[in-house]
$ cat work_3.txt   # compact mmCIF, C-alpha atoms (C1' of nucleotides)
# COMPACT_ATOMS: atom_id res chain seq x y z
CA MET A 1 4.73 9.49 17.18
CA GLU A 2 6.85 12.29 18.67
CA GLN A 3 9.30 11.64 15.90
CA ARG A 4 6.58 11.99 13.31
CA ILE A 5 5.55 15.27 14.88
CA ASP A 6 9.14 16.49 14.78
CA ARG A 7 9.45 15.57 11.16
CA ILE A 8 6.27 17.39 10.28
CA LYS A 9 7.50 20.40 12.20
CA LYS A 10 10.73 20.37 10.25
CA GLN A 11 8.75 20.18 7.07
CA LEU A 12 6.74 23.24 8.03
CA GLN A 13 9.87 25.04 9.15
CA SER A 14 11.75 24.35 5.97
CA GLN A 15 8.95 26.06 4.05
CA SER A 16 8.89 29.07 6.39
CA TYR A 17 5.61 28.19 8.08
CA LYS A 18 5.32 28.90 11.76
CA LEU A 19 5.12 26.19 14.33
CA THR A 20 2.12 27.14 16.35
CA PRO A 21 0.64 25.13 19.22
CA GLN A 22 -2.62 24.95 17.29
CA ARG A 23 -0.90 23.26 14.40
CA GLU A 24 0.87 20.86 16.70
CA ALA A 25 -2.33 19.95 18.51
CA THR A 26 -4.02 19.30 15.18
CA VAL A 27 -1.24 17.05 13.96
CA ARG A 28 -1.30 15.22 17.28
CA VAL A 29 -5.02 14.52 16.96
CA LEU A 30 -4.57 13.28 13.41
CA LEU A 31 -1.82 10.95 14.58
CA GLU A 32 -3.93 9.60 17.41
CA HIS A 33 -6.77 8.91 15.01
CA GLU A 34 -4.88 7.60 12.04
CA ASP A 35 -7.47 4.91 11.49
CA ASP A 36 -10.45 7.25 11.41
CA HIS A 37 -11.73 9.37 8.58
CA LEU A 38 -12.21 12.57 10.48
CA SER A 39 -14.22 15.51 9.19
CA ALA A 40 -13.01 19.02 9.93
CA GLU A 41 -15.68 19.23 12.61
CA ASP A 42 -14.46 15.96 14.16
CA VAL A 43 -10.92 17.28 14.22
CA TYR A 44 -12.08 20.54 15.73
CA MET A 45 -13.89 18.82 18.60
CA LEU A 46 -10.91 16.59 19.34
CA VAL A 47 -8.35 19.38 19.16
CA LYS A 48 -10.50 21.55 21.41
CA GLU A 49 -10.00 19.00 24.16
CA LYS A 50 -6.25 19.59 24.00
CA TYR A 51 -6.32 23.26 23.13
CA PRO A 52 -9.66 24.78 24.15
CA GLU A 53 -8.98 28.22 22.66
CA ILE A 54 -8.74 26.97 19.14
CA GLY A 55 -11.16 28.26 16.54
CA LEU A 56 -12.89 26.23 13.88
CA ALA A 57 -11.52 28.46 11.14
CA THR A 58 -7.99 27.68 12.31
CA VAL A 59 -8.64 23.97 12.10
CA TYR A 60 -9.83 24.38 8.54
CA ARG A 61 -6.79 26.46 7.69
CA THR A 62 -4.41 24.03 9.28
CA LEU A 63 -5.95 21.06 7.52
CA GLU A 64 -5.78 22.94 4.24
CA LEU A 65 -2.13 23.79 4.76
CA LEU A 66 -1.24 20.20 5.69
CA THR A 67 -3.11 19.02 2.63
CA GLU A 68 -1.13 21.33 0.38
CA LEU A 69 2.06 20.03 1.96
CA LYS A 70 0.89 16.48 1.28
CA VAL A 71 1.06 15.62 4.96
CA VAL A 72 -2.69 15.12 4.89
CA ASP A 73 -5.02 13.77 2.21
CA LYS A 74 -8.44 15.23 1.77
CA ILE A 75 -11.10 12.86 0.57
CA ASN A 76 -14.72 13.15 -0.45
CA PHE A 77 -17.21 10.33 -0.27
CA GLY A 78 -19.88 12.45 -1.87
CA ASP A 79 -21.81 13.12 1.32
CA GLY A 80 -21.08 16.83 1.56
CA VAL A 81 -18.33 16.52 4.17
CA SER A 82 -14.62 16.36 3.47
CA ARG A 83 -12.54 13.84 5.37
CA TYR A 84 -8.89 14.23 6.32
CA ASP A 85 -6.37 11.43 6.57
CA LEU A 86 -2.79 11.71 7.65
CA ARG A 87 -0.71 10.43 4.81
CA GLN A 88 1.41 7.43 5.62
CA GLU A 89 5.04 8.46 5.62
CA GLY A 90 6.81 7.52 2.49
CA ALA A 91 3.48 6.58 0.95
CA ASP A 92 3.61 7.41 -2.69
CA HIS A 93 0.03 6.32 -3.16
CA PHE A 94 -3.27 7.29 -1.67
CA HIS A 95 -4.89 4.27 -0.08
CA HIS A 96 -8.12 2.89 -1.46
CA HIS A 97 -11.42 2.87 0.36
CA LEU A 98 -14.12 0.30 0.86
CA VAL A 99 -17.35 1.96 1.90
CA CYS A 100 -20.03 -0.39 3.20
CA LEU A 101 -23.53 0.46 2.05
CA GLU A 102 -25.02 -1.48 4.95
CA CYS A 103 -23.18 -0.33 8.05
CA GLY A 104 -21.38 2.75 6.68
CA ALA A 105 -17.98 1.49 7.78
CA VAL A 106 -14.99 2.65 5.77
CA ASP A 107 -12.13 0.21 5.36
CA GLU A 108 -8.82 1.01 3.77
CA ILE A 109 -6.55 -0.85 1.45
CA GLN A 110 -3.01 0.39 1.93
CA GLU A 111 -1.61 -1.67 -0.86
CA ASP A 112 -1.51 0.02 -4.21
CA LEU A 113 -3.65 -2.10 -6.51
CA LEU A 114 -3.49 0.31 -9.40
CA GLY A 115 0.03 -0.24 -10.66
CA ASP A 116 -1.00 -2.12 -13.79
CA VAL A 117 -4.00 0.10 -14.41
CA GLU A 118 -1.85 3.22 -14.19
CA LYS A 119 0.60 1.85 -16.71
CA ILE A 120 -2.25 1.32 -19.11
CA VAL A 121 -3.65 4.78 -18.52
CA GLU A 122 -0.30 6.50 -18.91
CA THR A 123 0.57 4.75 -22.15
CA ARG A 124 -2.83 4.42 -23.81
CA TRP A 125 -4.24 7.74 -22.74
CA ASN A 126 -0.95 9.58 -22.53
CA PHE A 127 -1.95 10.87 -19.13
CA HIS A 128 0.81 11.61 -16.64
CA ILE A 129 -0.70 10.44 -13.37
CA LYS A 130 0.14 12.37 -10.20
CA ASP A 131 -2.56 11.12 -7.87
CA HIS A 132 -5.48 8.73 -7.80
CA ARG A 133 -8.65 8.09 -5.86
CA LEU A 134 -10.30 4.71 -5.78
CA THR A 135 -13.38 3.97 -3.73
CA PHE A 136 -15.52 0.85 -3.76
CA HIS A 137 -19.05 0.89 -2.48
CA GLY A 138 -20.49 -2.45 -1.50
CA ILE A 139 -21.09 -4.84 1.35
CA CYS A 140 -18.28 -5.42 3.80
CA HIS A 141 -17.30 -8.72 5.28
CA ARG A 142 -19.04 -7.93 8.54
CA CYS A 143 -22.38 -7.49 6.83
CA HIS A 144 -22.05 -10.62 4.76
CA ASP A 145 -24.18 -13.59 5.77
CA THR A 146 -21.27 -15.96 5.59
CA SER A 147 -18.22 -15.83 7.79
CA SER A 148 -14.98 -16.22 5.92
CA PRO A 149 -12.06 -16.74 8.25
CA GLY A 150 -8.66 -15.99 6.90
CA HIS A 151 -9.71 -13.15 4.66
CA GLU A 152 -8.77 -10.38 7.04
CA LYS A 153 -5.70 -8.51 5.89
CA SER A 154 -3.34 -6.50 8.06
CA GLU A 155 -3.51 -3.56 5.74
CA VAL A 156 -7.21 -3.23 6.16
CA HIS A 157 -8.06 -0.74 8.85
CA GLN A 158 -11.52 -0.47 10.29
CA LYS A 159 -12.70 3.13 10.27
CA MET B 1 -32.11 9.83 -28.46
CA GLU B 2 -35.91 9.85 -28.57
CA GLN B 3 -35.77 6.17 -27.93
CA ARG B 4 -33.59 6.72 -24.90
CA ILE B 5 -36.04 9.29 -23.62
CA ASP B 6 -38.90 6.86 -24.11
CA ARG B 7 -37.08 4.18 -22.25
CA ILE B 8 -36.34 6.48 -19.34
CA LYS B 9 -39.99 7.52 -19.31
CA LYS B 10 -41.03 3.90 -19.13
CA GLN B 11 -38.62 3.39 -16.29
CA LEU B 12 -40.16 6.26 -14.35
CA GLN B 13 -43.66 5.06 -15.17
CA SER B 14 -43.01 1.53 -14.06
CA GLN B 15 -42.05 2.90 -10.68
CA SER B 16 -45.13 5.14 -10.45
CA TYR B 17 -43.28 8.40 -10.95
CA LYS B 18 -45.02 11.08 -12.96
CA LEU B 19 -43.81 12.09 -16.36
CA THR B 20 -43.58 15.83 -16.13
CA PRO B 21 -42.28 18.16 -18.84
CA GLN B 22 -39.64 19.38 -16.43
CA ARG B 23 -38.26 15.90 -16.03
CA GLU B 24 -38.30 15.35 -19.76
CA ALA B 25 -36.48 18.62 -20.42
CA THR B 26 -33.87 17.68 -17.87
CA VAL B 27 -33.26 14.28 -19.41
CA ARG B 28 -33.08 15.88 -22.83
CA VAL B 29 -30.38 18.28 -21.68
CA LEU B 30 -28.41 15.47 -20.10
CA LEU B 31 -28.61 13.52 -23.36
CA GLU B 32 -27.47 16.48 -25.40
CA HIS B 33 -24.51 16.97 -23.11
CA GLU B 34 -23.50 13.40 -22.51
CA ASP B 35 -19.86 14.30 -22.82
CA ASP B 36 -19.93 17.06 -20.26
CA HIS B 37 -19.78 16.85 -16.52
CA LEU B 38 -22.61 19.20 -15.73
CA SER B 39 -23.19 20.68 -12.30
CA ALA B 40 -26.75 21.14 -11.10
CA GLU B 41 -26.39 24.82 -11.91
CA ASP B 42 -25.20 24.01 -15.43
CA VAL B 43 -28.17 21.73 -15.95
CA TYR B 44 -30.51 24.37 -14.60
CA MET B 45 -29.26 27.04 -16.98
CA LEU B 46 -29.53 24.69 -19.96
CA VAL B 47 -32.99 23.38 -19.05
CA LYS B 48 -34.21 26.91 -18.54
CA GLU B 49 -33.59 27.58 -22.20
CA LYS B 50 -36.06 24.84 -23.09
CA TYR B 51 -38.44 25.29 -20.21
CA PRO B 52 -38.09 28.81 -18.77
CA GLU B 53 -40.50 28.29 -15.87
CA ILE B 54 -38.43 25.64 -14.25
CA GLY B 55 -37.07 26.18 -10.77
CA LEU B 56 -33.62 25.31 -9.52
CA ALA B 57 -35.07 23.19 -6.71
CA THR B 58 -36.87 21.09 -9.28
CA VAL B 59 -33.66 20.46 -11.18
CA TYR B 60 -32.00 19.28 -8.00
CA ARG B 61 -34.94 17.02 -7.22
CA THR B 62 -35.02 15.59 -10.70
CA LEU B 63 -31.31 14.90 -10.72
CA GLU B 64 -31.61 13.26 -7.33
CA LEU B 65 -34.46 11.06 -8.49
CA LEU B 66 -32.63 10.04 -11.65
CA THR B 67 -29.58 9.26 -9.55
CA GLU B 68 -31.58 6.99 -7.29
CA LEU B 69 -32.97 5.23 -10.33
CA LYS B 70 -29.43 4.76 -11.61
CA VAL B 71 -30.21 6.67 -14.78
CA VAL B 72 -27.71 9.31 -13.70
CA ASP B 73 -24.44 9.06 -11.80
CA LYS B 74 -23.47 11.74 -9.35
CA ILE B 75 -19.79 12.37 -8.98
CA ASN B 76 -17.66 14.52 -6.77
CA PHE B 77 -14.23 15.78 -7.71
CA GLY B 78 -13.75 17.37 -4.31
CA ASP B 79 -14.33 20.94 -5.45
CA GLY B 80 -17.60 21.49 -3.63
CA VAL B 81 -19.84 20.94 -6.63
CA SER B 82 -21.51 17.68 -7.60
CA ARG B 83 -21.49 16.64 -11.24
CA TYR B 84 -24.13 14.58 -12.98
CA ASP B 85 -23.52 12.12 -15.78
CA LEU B 86 -26.12 10.20 -17.68
CA ARG B 87 -25.27 6.58 -17.23
CA GLN B 88 -24.51 4.73 -20.40
CA GLU B 89 -27.27 2.28 -21.09
CA GLY B 90 -26.38 -1.20 -20.12
CA ALA B 91 -23.29 0.11 -18.44
CA ASP B 92 -22.58 -2.06 -15.47
CA HIS B 93 -19.65 0.11 -14.50
CA PHE B 94 -19.12 3.74 -13.74
CA HIS B 95 -16.55 5.19 -16.09
CA HIS B 96 -13.24 6.42 -14.79
CA HIS B 97 -12.10 10.02 -14.85
CA LEU B 98 -8.86 11.73 -15.78
CA VAL B 99 -8.73 15.20 -14.29
CA CYS B 100 -5.99 17.44 -15.63
CA LEU B 101 -4.30 19.57 -13.00
CA GLU B 102 -3.12 22.01 -15.64
CA CYS B 103 -6.13 22.81 -17.75
CA GLY B 104 -8.90 21.34 -15.63
CA ALA B 105 -10.22 19.16 -18.42
CA VAL B 106 -11.98 15.96 -17.45
CA ASP B 107 -11.54 12.97 -19.70
CA GLU B 108 -13.37 9.71 -19.35
CA ILE B 109 -12.37 6.12 -19.72
CA GLN B 110 -15.40 4.06 -20.59
CA GLU B 111 -13.57 0.80 -20.44
CA ASP B 112 -13.66 -0.92 -17.10
CA LEU B 113 -10.05 -1.23 -16.01
CA LEU B 114 -10.88 -2.55 -12.59
CA GLY B 115 -11.90 -6.10 -13.36
CA ASP B 116 -8.75 -7.71 -11.98
CA VAL B 117 -8.56 -5.30 -9.05
CA GLU B 118 -12.15 -6.04 -8.09
CA LYS B 119 -11.54 -9.76 -8.10
CA ILE B 120 -8.68 -9.22 -5.69
CA VAL B 121 -10.74 -6.97 -3.44
CA GLU B 122 -13.70 -9.33 -3.37
CA THR B 123 -11.66 -12.38 -2.53
CA ARG B 124 -8.93 -10.96 -0.31
CA TRP B 125 -11.06 -8.45 1.53
CA ASN B 126 -14.32 -10.32 1.27
CA PHE B 127 -16.01 -7.17 0.07
CA HIS B 128 -18.98 -7.51 -2.21
CA ILE B 129 -18.51 -4.64 -4.65
CA LYS B 130 -21.57 -2.85 -5.95
CA ASP B 131 -20.04 0.29 -7.34
CA HIS B 132 -16.71 1.96 -7.78
CA ARG B 133 -15.22 5.37 -8.34
CA LEU B 134 -11.80 5.85 -9.87
CA THR B 135 -10.31 9.24 -10.61
CA PHE B 136 -6.80 10.07 -11.70
CA HIS B 137 -5.36 13.53 -11.25
CA GLY B 138 -2.46 14.40 -13.45
CA ILE B 139 -1.39 16.03 -16.69
CA CYS B 140 -3.41 15.32 -19.79
CA HIS B 141 -2.02 14.69 -23.22
CA ARG B 142 -2.87 18.21 -24.36
CA CYS B 143 -0.77 19.77 -21.64
CA HIS B 144 2.19 17.49 -22.24
CA ASP B 145 5.20 19.03 -23.97
CA THR B 146 5.47 16.19 -26.38
CA SER B 147 2.85 15.30 -28.93
CA SER B 148 2.11 11.61 -29.09
CA PRO B 149 0.05 10.71 -32.13
CA GLY B 150 -1.82 7.48 -32.01
CA HIS B 151 -2.58 7.52 -28.32
CA GLU B 152 -6.06 8.93 -28.64
CA LYS B 153 -8.66 6.32 -27.85
CA SER B 154 -12.25 6.33 -29.00
CA GLU B 155 -13.53 5.71 -25.54
CA VAL B 156 -11.92 8.87 -24.24
CA HIS B 157 -14.34 11.76 -24.28
CA GLN B 158 -13.18 15.29 -23.84
CA LYS B 159 -15.26 17.04 -21.17
C1' DT C 1 13.87 43.71 23.32
C1' DG C 2 11.80 45.27 19.17
C1' DT C 3 9.99 44.37 14.65
C1' DC C 4 7.26 42.39 11.28
C1' DA C 5 4.79 39.21 8.79
C1' DA C 6 2.17 35.32 9.60
C1' DA C 7 -1.37 33.26 12.26
C1' DT C 8 -5.27 33.46 15.17
C1' DG C 9 -10.38 33.60 16.79
C1' DA C 10 -14.84 35.27 16.34
C1' DT C 11 -18.07 36.14 13.33
C1' DA C 12 -19.97 37.47 8.98
C1' DA C 13 -20.37 35.91 4.35
C1' DT C 14 -20.72 32.57 0.68
C1' DG C 15 -22.50 29.05 -2.14
C1' DA C 16 -24.37 24.48 -2.92
C1' DT C 17 -28.08 22.17 -1.62
C1' DT C 18 -32.43 20.98 0.93
C1' DA C 19 -36.80 22.08 3.45
C1' DT C 20 -41.17 24.33 3.42
C1' DC C 21 -45.65 25.33 1.72
C1' DA C 22 -49.28 26.93 -1.21
C1' DA C 23 -50.41 26.15 -5.81
C1' DA C 24 -50.20 23.49 -9.98
C1' DT C 25 -50.26 19.28 -12.41
C1' DT C 26 -50.50 14.40 -13.72
C1' DA C 27 -52.79 10.21 -14.13
C1' DA C 28 -56.36 7.29 -12.96
C1' DA C 29 -61.09 6.60 -11.84
C1' DA C 30 -65.81 7.80 -12.41
C1' DT D 1 -65.25 14.88 -19.78
C1' DT D 2 -64.91 15.74 -15.02
C1' DT D 3 -63.33 14.67 -10.59
C1' DT D 4 -60.03 13.42 -7.33
C1' DA D 5 -56.00 12.24 -4.92
C1' DA D 6 -51.43 12.19 -4.78
C1' DT D 7 -47.39 13.90 -6.64
C1' DT D 8 -44.78 17.63 -8.26
C1' DT D 9 -43.71 22.27 -8.77
C1' DG D 10 -41.54 27.09 -7.94
C1' DA D 11 -40.20 30.57 -4.94
C1' DT D 12 -38.00 31.33 -1.11
C1' DA D 13 -36.37 30.41 3.44
C1' DA D 14 -33.28 27.48 5.85
C1' DT D 15 -29.25 24.63 6.49
C1' DC D 16 -24.58 23.51 6.62
C1' DA D 17 -19.79 23.12 5.37
C1' DT D 18 -16.51 26.15 4.40
C1' DT D 19 -14.14 30.63 3.48
C1' DA D 20 -13.50 35.71 4.00
C1' DT D 21 -12.80 39.55 6.99
C1' DC D 22 -10.50 42.14 10.41
C1' DA D 23 -8.53 43.42 14.75
C1' DT D 24 -5.49 41.20 17.73
C1' DT D 25 -1.96 37.98 18.91
C1' DT D 26 2.08 35.41 18.18
C1' DG D 27 6.42 33.17 16.43
C1' DA D 28 10.82 33.87 14.66
C1' DC D 29 14.56 36.60 13.77
C1' DA D 30 17.68 40.53 14.24

$ encode --input "work_3.txt" --output "structure tokens"
Amino acid sequence: MEQRIDRIKKQLQSQSYKLTPQREATVRVLLEHEDDHLSAEDVYMLVKEKYPEIGLATVYRTLELLTELKVVDKINFGDGVSRYDLRQEGADHFHHHLVCLECGAVDEIQEDLLGDVEKIVETRWNFHIKDHRLTFHGICHRCHDTSSPGHEKSEVHQK
Amino acid sequence: MEQRIDRIKKQLQSQSYKLTPQREATVRVLLEHEDDHLSAEDVYMLVKEKYPEIGLATVYRTLELLTELKVVDKINFGDGVSRYDLRQEGADHFHHHLVCLECGAVDEIQEDLLGDVEKIVETRWNFHIKDHRLTFHGICHRCHDTSSPGHEKSEVHQK
DNA sequence: TGTCAAATGATAATGATTATCAAATTAAAA
DNA sequence: TTTTAATTTGATAATCATTATCATTTGACA
């Protein structure tokens, strides 16, 4: 984790951004909550515990900057609130989401399931893909009537 | 088109909703602009031409109602504005979107490319899928340097 | 240490959307 | 045709997530 923070710092530095304690505290919170889909407000409340002087506007700005630098991914589930996820290092693909209509839980699929689909899109639609977003809405395994042991995958994170 | 309007009316009727001229004008506008991704404001401006007394709040309410009835799909591209698409009749799948980062155009893929992916998700993650959203961000064929004749597909709609 | 441009925090502003409420309207019953 | 009850409307206030503003502070470099 400290190494990840150092690497992010170097990234900021190499692009002439300043390394402020506010930015560090924000990154730290994101790292500690990698499995959660935090809103800006969530992040603000958590960062405030580490750095009480921080302002909400600064959190927004920091998240926006990290998003531009592709350290963070910003995602919308259509509920009026943006969510921010630290991007997995080396991840060349934005993970997919499973949103449960029953309990509201958000699970992630780290594996990129869109390889074949993207090939089709690039060749048939001549569209040069740079990013994708895939979200499934449905009923998660916890809300199913039946229990199905053995279906849990390590790349699924409960959020 | 008139037939589609009649069918939507019957759908509203069968669920004890009233058939108001405002609702009809809204549906009419959505039908006339099936290829566009209209914001609520867009819809409002267009409906006002047909029915000048209409209020913005009513447009929002109507769009919301039609969304709940699955006549309309509401989509977010993460830019702070919701878009509303009339659902293709009989469509059991929400079309995919290609958003060009250069020119901002939004193309659609009507074909469901997620069949195989959904099978994987349902079985490996034990997630009962009810709906999906797939958006690609990238560079569209118009903004490419090269021209590639023959790649245009009939199910791609320029929006 | 001094300089300077970036970054900050508090707060006002913005814009998309929803809540409120009196009035209007639709649809069904009489 | 009229009445009635419930829904729907339009104007406008309210809400909320987010961004703009501006004086002050701060980080990095010389």

$ residues_around --input "work_3.txt" --residues "Ile129 in chain A" --least-positions-apart "2" --cutoff "6 Å" --atoms "all atoms listed in the file" --output "ChimeraX atom specification"
/A:127,131 /B:137-138

$ write_last_selection --input "work_3.txt" --atoms "C-alpha atoms" --output "short mmCIF file (atom, residue, chain, number, x, y, z; two decimals), in the coordinates of the input"
data_model
loop_
_atom_site.label_atom_id
_atom_site.label_comp_id
_atom_site.auth_asym_id
_atom_site.auth_seq_id
_atom_site.Cartn_x
_atom_site.Cartn_y
_atom_site.Cartn_z
CA PHE A 127 -1.95 10.87 -19.13
CA ASP A 131 -2.56 11.12 -7.87
CA HIS B 137 -5.36 13.53 -11.25
CA GLY B 138 -2.46 14.40 -13.45
#

$ closest_atom_pairs --input "work_3.txt" --of "chain D" --to "chain A" --cutoff "10 Å" --atoms "all atoms listed in the file" --output "Markdown table"
| residue | atom | partner | partner_atom | distance |
| --- | --- | --- | --- | --- |
| D:DC16 | C1' | A:Gly80 | CA | 9.1 |
| D:DA17 | C1' | A:Val81 | CA | 6.9 |
| D:DT18 | C1' | A:Tyr60 | CA | 8.1 |
| D:DT19 | C1' | A:Ala57 | CA | 8.4 |
| D:DT26 | C1' | A:Thr20 | CA | 8.5 |
| D:DG27 | C1' | A:Lys18 | CA | 6.4 |
| D:DA28 | C1' | A:Lys18 | CA | 8.0 |

$ closest_atom_pairs --input "work_3.txt" --of "chain C" --to "chain A" --cutoff "12 Å" --atoms "all atoms listed in the file" --output "tab-separated table"
residue	atom	partner	partner_atom	distance
C:DA5	C1'	A:Lys18	CA	10.7
C:DA6	C1'	A:Lys18	CA	7.5
C:DA7	C1'	A:Lys18	CA	8.0
C:DT8	C1'	A:Thr58	CA	7.0
C:DG9	C1'	A:Gly55	CA	5.4
C:DA10	C1'	A:Gly55	CA	7.9
C:DT11	C1'	A:Ala57	CA	10.3
C:DA16	C1'	A:Gly80	CA	9.5
C:DT17	C1'	A:Gly80	CA	9.4

$ interface_residues --input "work_3.txt" --of "chain A" --to "chain B" --cutoff "6 Å" --atoms "all atoms listed in the file" --output "PyMOL selection string"
chain A and resi 76+78+124-141+151

$ atom_distance --input "work_3.txt" --atom1 "CA of Met45 in chain B" --atom2 "CA of Tyr84 in chain B"
14.1 Å

$ decode --input "work_3.txt" --residues "range 11-23 of chain B" --atoms "N, CA, C and O atoms" --output "compact mmCIF listing (two decimals), in the first residue's frame"
# COMPACT_ATOMS: atom_id res chain seq x y z
N GLN B 11 -51.31 0.27 -23.22
CA GLN B 11 -50.48 -0.17 -22.10
C GLN B 11 -50.74 0.69 -20.87
O GLN B 11 -50.89 0.20 -19.75
N LEU B 12 -50.81 1.99 -21.09
CA LEU B 12 -51.10 2.91 -19.99
C LEU B 12 -52.49 2.62 -19.41
O LEU B 12 -52.69 2.57 -18.20
N GLN B 13 -53.44 2.44 -20.30
CA GLN B 13 -54.83 2.21 -19.92
C GLN B 13 -54.97 0.97 -19.07
O GLN B 13 -55.66 0.96 -18.05
N SER B 14 -54.30 -0.09 -19.52
CA SER B 14 -54.43 -1.36 -18.83
C SER B 14 -53.84 -1.29 -17.42
O SER B 14 -54.10 -2.15 -16.60
N GLN B 15 -53.06 -0.27 -17.17
CA GLN B 15 -52.50 -0.11 -15.83
C GLN B 15 -53.12 1.10 -15.13
O GLN B 15 -52.56 1.67 -14.20
N SER B 16 -54.31 1.50 -15.62
CA SER B 16 -55.11 2.56 -14.99
C SER B 16 -54.45 3.91 -14.98
O SER B 16 -54.71 4.73 -14.09
N TYR B 17 -53.53 4.16 -15.93
CA TYR B 17 -53.00 5.51 -16.06
C TYR B 17 -53.86 6.29 -17.06
O TYR B 17 -54.42 5.72 -17.98
N LYS B 18 -53.94 7.59 -16.85
CA LYS B 18 -54.79 8.39 -17.73
C LYS B 18 -54.06 8.74 -19.02
O LYS B 18 -52.83 8.90 -19.03
N LEU B 19 -54.86 8.86 -20.05
CA LEU B 19 -54.29 9.18 -21.36
C LEU B 19 -54.44 10.66 -21.62
O LEU B 19 -55.42 11.13 -22.19
N THR B 20 -53.43 11.40 -21.22
CA THR B 20 -53.50 12.85 -21.36
C THR B 20 -52.82 13.29 -22.65
O THR B 20 -51.95 12.60 -23.18
N PRO B 21 -53.23 14.44 -23.19
CA PRO B 21 -52.57 14.93 -24.40
C PRO B 21 -51.09 15.20 -24.20
O PRO B 21 -50.30 15.08 -25.13
N GLN B 22 -50.71 15.56 -22.98
CA GLN B 22 -49.29 15.79 -22.73
C GLN B 22 -48.49 14.50 -22.89
O GLN B 22 -47.39 14.52 -23.44
N ARG B 23 -49.06 13.43 -22.39
CA ARG B 23 -48.36 12.15 -22.50
C ARG B 23 -48.27 11.71 -23.95
O ARG B 23 -47.26 11.18 -24.40
